[in-house]
Amino acid sequence: MMMQPKYATVNGIKIRYLLEIPEAMKKSQCTEMKESLSSQRVVVLTPGGRAGGIGNCAFSGLRKALLKEGISVLTWDRRNSGESDISFRFQQHGTASRAEQDASDLYELIRSLSLDKVSLAGASAGGRMTLAFVAKYPDLVEQVLLQNLTGGQKAAEKLSKSYFDSVVSIAKEGGMEAVAKLDPYYSKLLSRGLPSLQQRRWTQVVQTSLENEFLPAMKRSREFLWRAIDPVLGFSEKMLSEIANGS
(Lines give C-alpha, C1' and ligand atoms only; values in the text may rest on other atoms or scores of the structure.)
Protein backbone atom coordinates (compact mmCIF):
# COMPACT_ATOMS: atom_id res chain seq x y z
CA MET A 1 0.00 0.00 0.00
CA MET A 2 1.32 3.42 -0.95
CA MET A 3 1.85 5.87 1.87
CA GLN A 4 -0.54 8.82 1.84
CA PRO A 5 0.28 12.51 2.39
CA LYS A 6 -0.43 13.96 5.82
CA TYR A 7 -0.65 17.43 7.33
CA ALA A 8 1.43 18.94 10.09
CA THR A 9 0.72 22.27 11.74
CA VAL A 10 3.89 24.36 11.64
CA ASN A 11 4.22 28.08 12.32
CA GLY A 12 0.43 28.29 12.63
CA ILE A 13 -0.47 26.76 9.24
CA LYS A 14 -1.08 23.31 7.78
CA ILE A 15 1.77 21.96 5.68
CA ARG A 16 1.15 18.87 3.53
CA TYR A 17 3.96 16.33 3.51
CA LEU A 18 4.78 12.76 2.57
CA LEU A 19 7.42 10.78 4.44
CA GLU A 20 8.20 7.63 2.48
CA ILE A 21 9.89 4.78 4.29
CA PRO A 22 11.93 2.07 2.51
CA GLU A 23 10.34 -1.37 2.48
CA ALA A 24 12.87 -2.78 4.94
CA MET A 25 11.93 -0.18 7.54
CA LYS A 26 8.18 -0.69 7.04
CA LYS A 27 8.59 -4.17 8.48
CA SER A 28 9.61 -2.67 11.81
CA GLN A 29 7.03 -2.51 14.56
CA CYS A 30 5.20 0.79 14.92
CA THR A 31 6.74 1.33 18.32
CA GLU A 32 10.17 1.05 16.77
CA MET A 33 9.48 3.29 13.78
CA LYS A 34 10.21 6.61 15.45
CA GLU A 35 13.49 5.33 16.91
CA SER A 36 14.37 3.78 13.54
CA LEU A 37 13.67 7.04 11.70
CA SER A 38 15.82 9.10 14.04
CA SER A 39 18.79 6.89 13.27
CA GLN A 40 18.16 6.49 9.54
CA ARG A 41 19.10 8.78 6.68
CA VAL A 42 16.31 11.03 5.41
CA VAL A 43 16.52 13.20 2.30
CA VAL A 44 14.20 16.20 1.84
CA LEU A 45 13.30 16.95 -1.78
CA THR A 46 12.23 20.51 -2.66
CA PRO A 47 11.60 21.27 -6.35
CA GLY A 48 11.72 24.69 -7.95
CA GLY A 49 9.13 27.19 -9.10
CA ARG A 50 6.00 27.46 -7.01
CA ALA A 51 4.74 23.94 -7.63
CA GLY A 52 4.01 21.58 -4.79
CA GLY A 53 6.60 18.99 -3.92
CA ILE A 54 4.37 15.95 -3.46
CA GLY A 55 3.99 14.11 -6.74
CA ASN A 56 6.33 16.53 -8.50
CA CYS A 57 8.27 14.81 -11.27
CA ALA A 58 11.38 16.98 -10.82
CA PHE A 59 13.07 14.55 -8.46
CA SER A 60 11.16 11.36 -9.34
CA GLY A 61 14.27 9.46 -10.44
CA LEU A 62 16.26 10.49 -7.36
CA ARG A 63 13.32 9.68 -5.09
CA LYS A 64 13.03 6.14 -6.45
CA ALA A 65 16.78 5.58 -6.26
CA LEU A 66 16.95 6.75 -2.64
CA LEU A 67 14.12 4.49 -1.52
CA LYS A 68 15.71 1.57 -3.34
CA GLU A 69 18.94 2.23 -1.42
CA GLY A 70 17.09 2.16 1.90
CA ILE A 71 16.98 5.94 2.42
CA SER A 72 13.76 7.61 3.55
CA VAL A 73 12.39 10.50 1.48
CA LEU A 74 10.46 13.54 2.70
CA THR A 75 8.54 15.56 0.10
CA TRP A 76 6.38 18.53 1.02
CA ASP A 77 4.21 21.31 -0.35
CA ARG A 78 5.64 24.63 0.73
CA ARG A 79 3.15 27.20 2.01
CA ASN A 80 1.21 28.82 -0.83
CA SER A 81 1.81 25.82 -3.09
CA GLY A 82 0.46 22.33 -3.72
CA GLU A 83 -2.24 21.63 -1.14
CA SER A 84 -0.70 23.37 1.88
CA ASP A 85 -2.27 26.41 3.50
CA ILE A 86 -1.93 29.89 2.07
CA SER A 87 -0.42 32.43 4.41
CA PHE A 88 1.62 35.59 4.05
CA ARG A 89 2.17 35.96 7.78
CA PHE A 90 5.89 35.46 7.62
CA GLN A 91 7.73 34.92 10.89
CA GLN A 92 10.96 36.35 12.32
CA HIS A 93 9.18 39.48 13.53
CA GLY A 94 8.05 40.34 10.02
CA THR A 95 11.52 40.35 8.48
CA ALA A 96 11.47 37.00 6.65
CA SER A 97 11.43 36.58 2.89
CA ARG A 98 9.59 33.69 1.23
CA ALA A 99 12.75 31.56 1.04
CA GLU A 100 13.56 32.22 4.71
CA GLN A 101 9.97 31.49 5.75
CA ASP A 102 10.00 28.22 3.81
CA ALA A 103 13.21 27.30 5.62
CA SER A 104 11.54 28.01 8.96
CA ASP A 105 8.51 25.93 7.99
CA LEU A 106 10.74 23.02 6.99
CA TYR A 107 12.65 23.26 10.25
CA GLU A 108 9.41 23.01 12.24
CA LEU A 109 8.20 20.13 10.05
CA ILE A 110 11.44 18.22 10.67
CA ARG A 111 11.09 18.80 14.41
CA SER A 112 7.48 17.59 14.36
CA LEU A 113 8.64 14.34 12.75
CA SER A 114 11.39 13.86 15.36
CA LEU A 115 14.13 13.70 12.74
CA ASP A 116 17.64 14.27 14.07
CA LYS A 117 19.36 15.23 10.82
CA VAL A 118 18.46 15.37 7.15
CA SER A 119 20.08 15.74 3.76
CA LEU A 120 18.56 18.30 1.40
CA ALA A 121 18.04 18.33 -2.36
CA GLY A 122 16.69 21.56 -3.85
CA ALA A 123 16.21 22.89 -7.36
CA SER A 124 15.92 26.57 -8.40
CA ALA A 125 13.58 28.22 -5.85
CA GLY A 126 13.86 25.04 -3.78
CA GLY A 127 17.62 25.47 -3.98
CA ARG A 128 17.41 29.01 -2.60
CA MET A 129 15.26 27.72 0.24
CA THR A 130 17.82 24.96 0.82
CA LEU A 131 20.64 27.50 1.06
CA ALA A 132 18.59 29.61 3.48
CA PHE A 133 17.96 26.49 5.58
CA VAL A 134 21.63 25.49 5.69
CA ALA A 135 22.61 29.04 6.62
CA LYS A 136 20.27 29.08 9.62
CA TYR A 137 20.22 25.43 10.72
CA PRO A 138 23.63 23.97 9.78
CA ASP A 139 23.63 21.44 12.62
CA LEU A 140 20.58 19.69 11.16
CA VAL A 141 22.12 19.14 7.73
CA GLU A 142 24.20 16.17 6.63
CA GLN A 143 24.54 16.67 2.87
CA VAL A 144 23.21 19.08 0.24
CA LEU A 145 22.38 18.67 -3.44
CA LEU A 146 21.62 21.82 -5.46
CA GLN A 147 20.24 21.87 -8.98
CA ASN A 148 19.38 24.55 -11.57
CA LEU A 149 20.23 27.55 -9.43
CA THR A 150 19.63 30.83 -11.26
CA GLY A 151 21.68 34.01 -11.17
CA GLY A 152 22.26 37.23 -13.06
CA GLN A 153 20.39 40.41 -13.97
CA LYS A 154 18.00 38.85 -16.48
CA ALA A 155 16.96 36.07 -14.12
CA ALA A 156 16.33 38.55 -11.31
CA GLU A 157 14.21 40.74 -13.58
CA LYS A 158 12.20 37.79 -14.92
CA LEU A 159 11.49 36.25 -11.53
CA SER A 160 10.67 39.62 -9.97
CA LYS A 161 8.02 40.19 -12.61
CA SER A 162 6.50 36.71 -12.57
CA TYR A 163 6.63 36.14 -8.79
CA PHE A 164 6.01 39.60 -7.38
CA ASP A 165 5.44 42.62 -9.63
CA SER A 166 2.41 41.34 -11.56
CA VAL A 167 0.48 40.08 -8.55
CA VAL A 168 1.31 43.21 -6.55
CA SER A 169 -0.20 45.34 -9.32
CA ILE A 170 -3.37 43.22 -9.24
CA ALA A 171 -3.55 43.46 -5.44
CA LYS A 172 -3.09 47.22 -5.34
CA GLU A 173 -5.81 47.73 -7.92
CA GLY A 174 -8.42 45.23 -6.75
CA GLY A 175 -7.43 43.91 -3.35
CA MET A 176 -6.94 40.32 -2.25
CA GLU A 177 -10.16 39.08 -3.87
CA ALA A 178 -8.75 40.21 -7.21
CA VAL A 179 -5.59 38.22 -6.47
CA ALA A 180 -7.73 35.12 -5.89
CA LYS A 181 -9.73 35.64 -9.08
CA LEU A 182 -7.34 37.26 -11.56
CA ASP A 183 -3.77 36.27 -10.79
CA PRO A 184 -2.93 33.24 -12.99
CA TYR A 185 -0.97 31.45 -10.27
CA TYR A 186 -3.31 31.96 -7.31
CA SER A 187 -6.54 31.42 -9.26
CA LYS A 188 -5.17 28.06 -10.46
CA LEU A 189 -3.90 27.18 -6.98
CA LEU A 190 -7.33 27.82 -5.49
CA SER A 191 -8.95 25.38 -7.93
CA ARG A 192 -6.92 22.46 -6.59
CA GLY A 193 -8.17 19.76 -4.27
CA LEU A 194 -11.53 19.01 -2.74
CA PRO A 195 -14.19 21.74 -2.37
CA SER A 196 -13.44 21.99 1.35
CA LEU A 197 -9.76 22.76 0.61
CA GLN A 198 -10.72 25.24 -2.10
CA GLN A 199 -13.04 27.10 0.26
CA ARG A 200 -10.53 27.14 3.11
CA ARG A 201 -7.77 28.53 0.94
CA TRP A 202 -10.07 31.05 -0.76
CA THR A 203 -10.86 32.38 2.71
CA GLN A 204 -7.17 32.44 3.61
CA VAL A 205 -6.39 34.59 0.56
CA VAL A 206 -9.26 37.07 0.78
CA GLN A 207 -8.82 37.56 4.53
CA THR A 208 -5.13 38.38 4.14
CA SER A 209 -4.34 41.96 5.11
CA LEU A 210 -3.13 43.72 1.97
CA GLU A 211 -1.12 46.43 3.75
CA ASN A 212 0.11 44.52 6.79
CA GLU A 213 0.79 41.06 5.36
CA PHE A 214 0.68 40.63 1.58
CA LEU A 215 2.53 43.70 0.34
CA PRO A 216 5.29 43.51 2.99
CA ALA A 217 5.79 39.79 2.24
CA MET A 218 6.09 40.48 -1.49
CA LYS A 219 8.48 43.38 -0.86
CA ARG A 220 10.80 41.37 1.42
CA SER A 221 10.81 38.38 -0.93
CA ARG A 222 11.65 40.57 -3.90
CA GLU A 223 14.44 42.27 -1.95
CA PHE A 224 15.80 38.83 -1.03
CA LEU A 225 16.31 38.03 -4.72
CA TRP A 226 18.06 41.31 -5.36
CA ARG A 227 20.31 41.38 -2.30
CA ALA A 228 22.79 39.49 -4.53
CA ILE A 229 22.32 38.41 -8.12
CA ASP A 230 25.64 36.65 -8.78
CA PRO A 231 26.47 33.85 -8.66
CA VAL A 232 23.04 32.86 -7.25
CA LEU A 233 19.97 35.02 -6.75
CA GLY A 234 19.90 35.99 -3.10
CA PHE A 235 23.42 34.74 -2.36
CA SER A 236 26.77 36.37 -3.07
CA GLU A 237 30.05 34.47 -3.25
CA LYS A 238 30.81 35.57 0.30
CA MET A 239 27.46 34.25 1.55
CA LEU A 240 27.94 30.93 -0.21
CA SER A 241 31.47 30.63 1.18
CA GLU A 242 30.19 31.26 4.72
CA ILE A 243 27.49 28.62 4.27
CA ALA A 244 30.00 26.10 2.92
CA ASN A 245 32.36 26.77 5.83
CA GLY A 246 29.61 26.70 8.41
CA SER A 247 30.36 30.23 9.56
# chains A, B, ... in the order shown; residues from 1 in each chain; ligands from 1

$ select_by_dssp --residues "segment 27-242 of chain A" --states "strand (DSSP E)" --output "list in words"
Val42, Val43, Val44, Leu45, Thr46, Ser72, Val73, Leu74, Thr75, Trp76, Val118, Ser119, Leu120, Ala121, Gly122, Ala123, Val141, Glu142, Gln143, Val144, Leu145, Leu146 and Gln147 of chain A

$ select_by_dssp --residues "segment 127-205 of chain A" --states "alpha helix (DSSP H)" --output "PyMOL selection string"
chain A and resi 127-136+153-159+166-182+184-189+195-205

$ closest_atom_pairs --of "segment 15-116 of chain A" --to "segment 196-211 of chain A" --cutoff "7 Å" --atoms "only C-alpha atoms" --output "tab-separated table"
residue	atom	partner	partner_atom	distance
A:Asp85	CA	A:Arg201	CA	6.4
A:Ile86	CA	A:Gln204	CA	6.0
A:Ser87	CA	A:Gln204	CA	6.8

$ residues_around --residues "Val73 of chain A" --least-positions-apart "2" --cutoff "9 Å" --atoms "only C-alpha atoms" --output "list in words"
Leu18, Leu19, Glu20, Ile21, Pro22, Arg41, Val42, Val43, Val44, Leu45, Arg63, Leu66, Leu67, Ile71 and Thr75 of chain A

$ closest_residue --among "A:Ala135, A:Ala8, A:Leu120, A:Ala51" --to "Gly82 of chain A" --atoms "only C-alpha atoms"
A:Ala51

$ residues_around --residues "segment 146-162 of chain A" --least-positions-apart "6" --cutoff "10 Å" --atoms "only C-alpha atoms" --output "PyMOL selection string"
chain A and resi 46-49+120-128+130-131+168+185+218+221-223+225-226+228-236

$ atom_distance --atom1 "atom CA of Gln101 of chain A" --atom2 "atom CA of Ile243 of chain A"
17.8 Å

$ residues_around --residues "Asn245 of chain A" --least-positions-apart "5" --cutoff "12 Å" --atoms "only C-alpha atoms" --output "list in words"
Val134, Ala135, Pro138, Lys238, Met239 and Leu240 of chain A

$ write_last_selection --atoms "N, CA and C atoms" --output "mmCIF file, in the first residue's frame"
data_model
loop_
_atom_site.group_PDB
_atom_site.id
_atom_site.type_symbol
_atom_site.label_atom_id
_atom_site.label_comp_id
_atom_site.auth_asym_id
_atom_site.auth_seq_id
_atom_site.Cartn_x
_atom_site.Cartn_y
_atom_site.Cartn_z
ATOM 1 N N VAL A 134 20.280 25.847 5.250
ATOM 2 C CA VAL A 134 21.634 25.487 5.692
ATOM 3 C C VAL A 134 22.280 26.645 6.438
ATOM 4 N N ALA A 135 22.026 27.867 5.967
ATOM 5 C CA ALA A 135 22.610 29.038 6.617
ATOM 6 C C ALA A 135 22.110 29.194 8.051
ATOM 7 N N PRO A 138 22.555 24.840 10.291
ATOM 8 C CA PRO A 138 23.627 23.967 9.779
ATOM 9 C C PRO A 138 23.768 22.658 10.536
ATOM 10 N N LYS A 238 30.460 35.541 -1.128
ATOM 11 C CA LYS A 238 30.810 35.567 0.297
ATOM 12 C C LYS A 238 29.798 34.781 1.119
ATOM 13 N N MET A 239 28.505 34.979 0.830
ATOM 14 C CA MET A 239 27.456 34.253 1.554
ATOM 15 C C MET A 239 27.590 32.754 1.347
ATOM 16 N N LEU A 240 27.813 32.353 0.100
ATOM 17 C CA LEU A 240 27.938 30.935 -0.213
ATOM 18 C C LEU A 240 29.167 30.333 0.478
#

$ closest_residue --among "A:Leu109, A:Ala178, A:Met129, A:Ile54" --to "Val10 of chain A" --atoms "only C-alpha atoms"
A:Leu109

$ residues_around --residues "Arg16 of chain A" --least-positions-apart "6" --cutoff "6 Å" --atoms "only C-alpha atoms" --output "list in words"
Lys6, Tyr7, Trp76, Asp77 and Ser84 of chain A

$ write_last_selection --atoms "all heavy atoms" --output "mmCIF file, in the first residue's frame"
data_model
loop_
_atom_site.group_PDB
_atom_site.id
_atom_site.type_symbol
_atom_site.label_atom_id
_atom_site.label_comp_id
_atom_site.auth_asym_id
_atom_site.auth_seq_id
_atom_site.Cartn_x
_atom_site.Cartn_y
_atom_site.Cartn_z
ATOM 1 N N LYS A 6 0.168 13.532 4.558
ATOM 2 C CA LYS A 6 -0.427 13.955 5.815
ATOM 3 C C LYS A 6 -0.240 15.463 5.969
ATOM 4 O O LYS A 6 0.427 16.101 5.156
ATOM 5 C CB LYS A 6 0.223 13.225 6.996
ATOM 6 C CG LYS A 6 0.040 11.715 6.978
ATOM 7 C CD LYS A 6 0.718 11.082 8.185
ATOM 8 C CE LYS A 6 0.545 9.574 8.195
ATOM 9 N NZ LYS A 6 1.207 8.946 9.371
ATOM 10 N N TYR A 7 -0.826 16.010 7.021
ATOM 11 C CA TYR A 7 -0.654 17.431 7.328
ATOM 12 C C TYR A 7 -0.012 17.584 8.701
ATOM 13 O O TYR A 7 -0.299 16.816 9.619
ATOM 14 C CB TYR A 7 -2.002 18.165 7.332
ATOM 15 C CG TYR A 7 -2.521 18.501 5.955
ATOM 16 C CD1 TYR A 7 -3.359 17.626 5.279
ATOM 17 C CD2 TYR A 7 -2.169 19.697 5.334
ATOM 18 C CE1 TYR A 7 -3.836 17.929 4.015
ATOM 19 C CE2 TYR A 7 -2.647 20.007 4.070
ATOM 20 C CZ TYR A 7 -3.478 19.128 3.418
ATOM 21 O OH TYR A 7 -3.940 19.433 2.164
ATOM 22 N N TRP A 76 7.328 17.647 0.343
ATOM 23 C CA TRP A 76 6.381 18.532 1.022
ATOM 24 C C TRP A 76 5.919 19.635 0.085
ATOM 25 O O TRP A 76 6.607 19.989 -0.878
ATOM 26 C CB TRP A 76 7.011 19.124 2.284
ATOM 27 C CG TRP A 76 8.240 19.969 2.052
ATOM 28 C CD1 TRP A 76 9.384 19.610 1.383
ATOM 29 C CD2 TRP A 76 8.439 21.317 2.476
ATOM 30 N NE1 TRP A 76 10.287 20.649 1.381
ATOM 31 C CE2 TRP A 76 9.743 21.706 2.050
ATOM 32 C CE3 TRP A 76 7.673 22.221 3.194
ATOM 33 C CZ2 TRP A 76 10.271 22.968 2.306
ATOM 34 C CZ3 TRP A 76 8.202 23.479 3.463
ATOM 35 C CH2 TRP A 76 9.482 23.834 3.019
ATOM 36 N N ASP A 77 4.734 20.143 0.357
ATOM 37 C CA ASP A 77 4.209 21.308 -0.347
ATOM 38 C C ASP A 77 4.515 22.536 0.503
ATOM 39 O O ASP A 77 3.985 22.664 1.623
ATOM 40 C CB ASP A 77 2.694 21.199 -0.545
ATOM 41 C CG ASP A 77 2.291 20.067 -1.481
ATOM 42 O OD1 ASP A 77 3.155 19.594 -2.238
ATOM 43 O OD2 ASP A 77 1.112 19.670 -1.454
ATOM 44 N N SER A 84 -0.931 22.796 0.551
ATOM 45 C CA SER A 84 -0.699 23.375 1.880
ATOM 46 C C SER A 84 -1.491 24.664 2.017
ATOM 47 O O SER A 84 -2.033 25.199 1.041
ATOM 48 C CB SER A 84 0.795 23.643 2.087
ATOM 49 O OG SER A 84 1.506 22.441 2.283
#
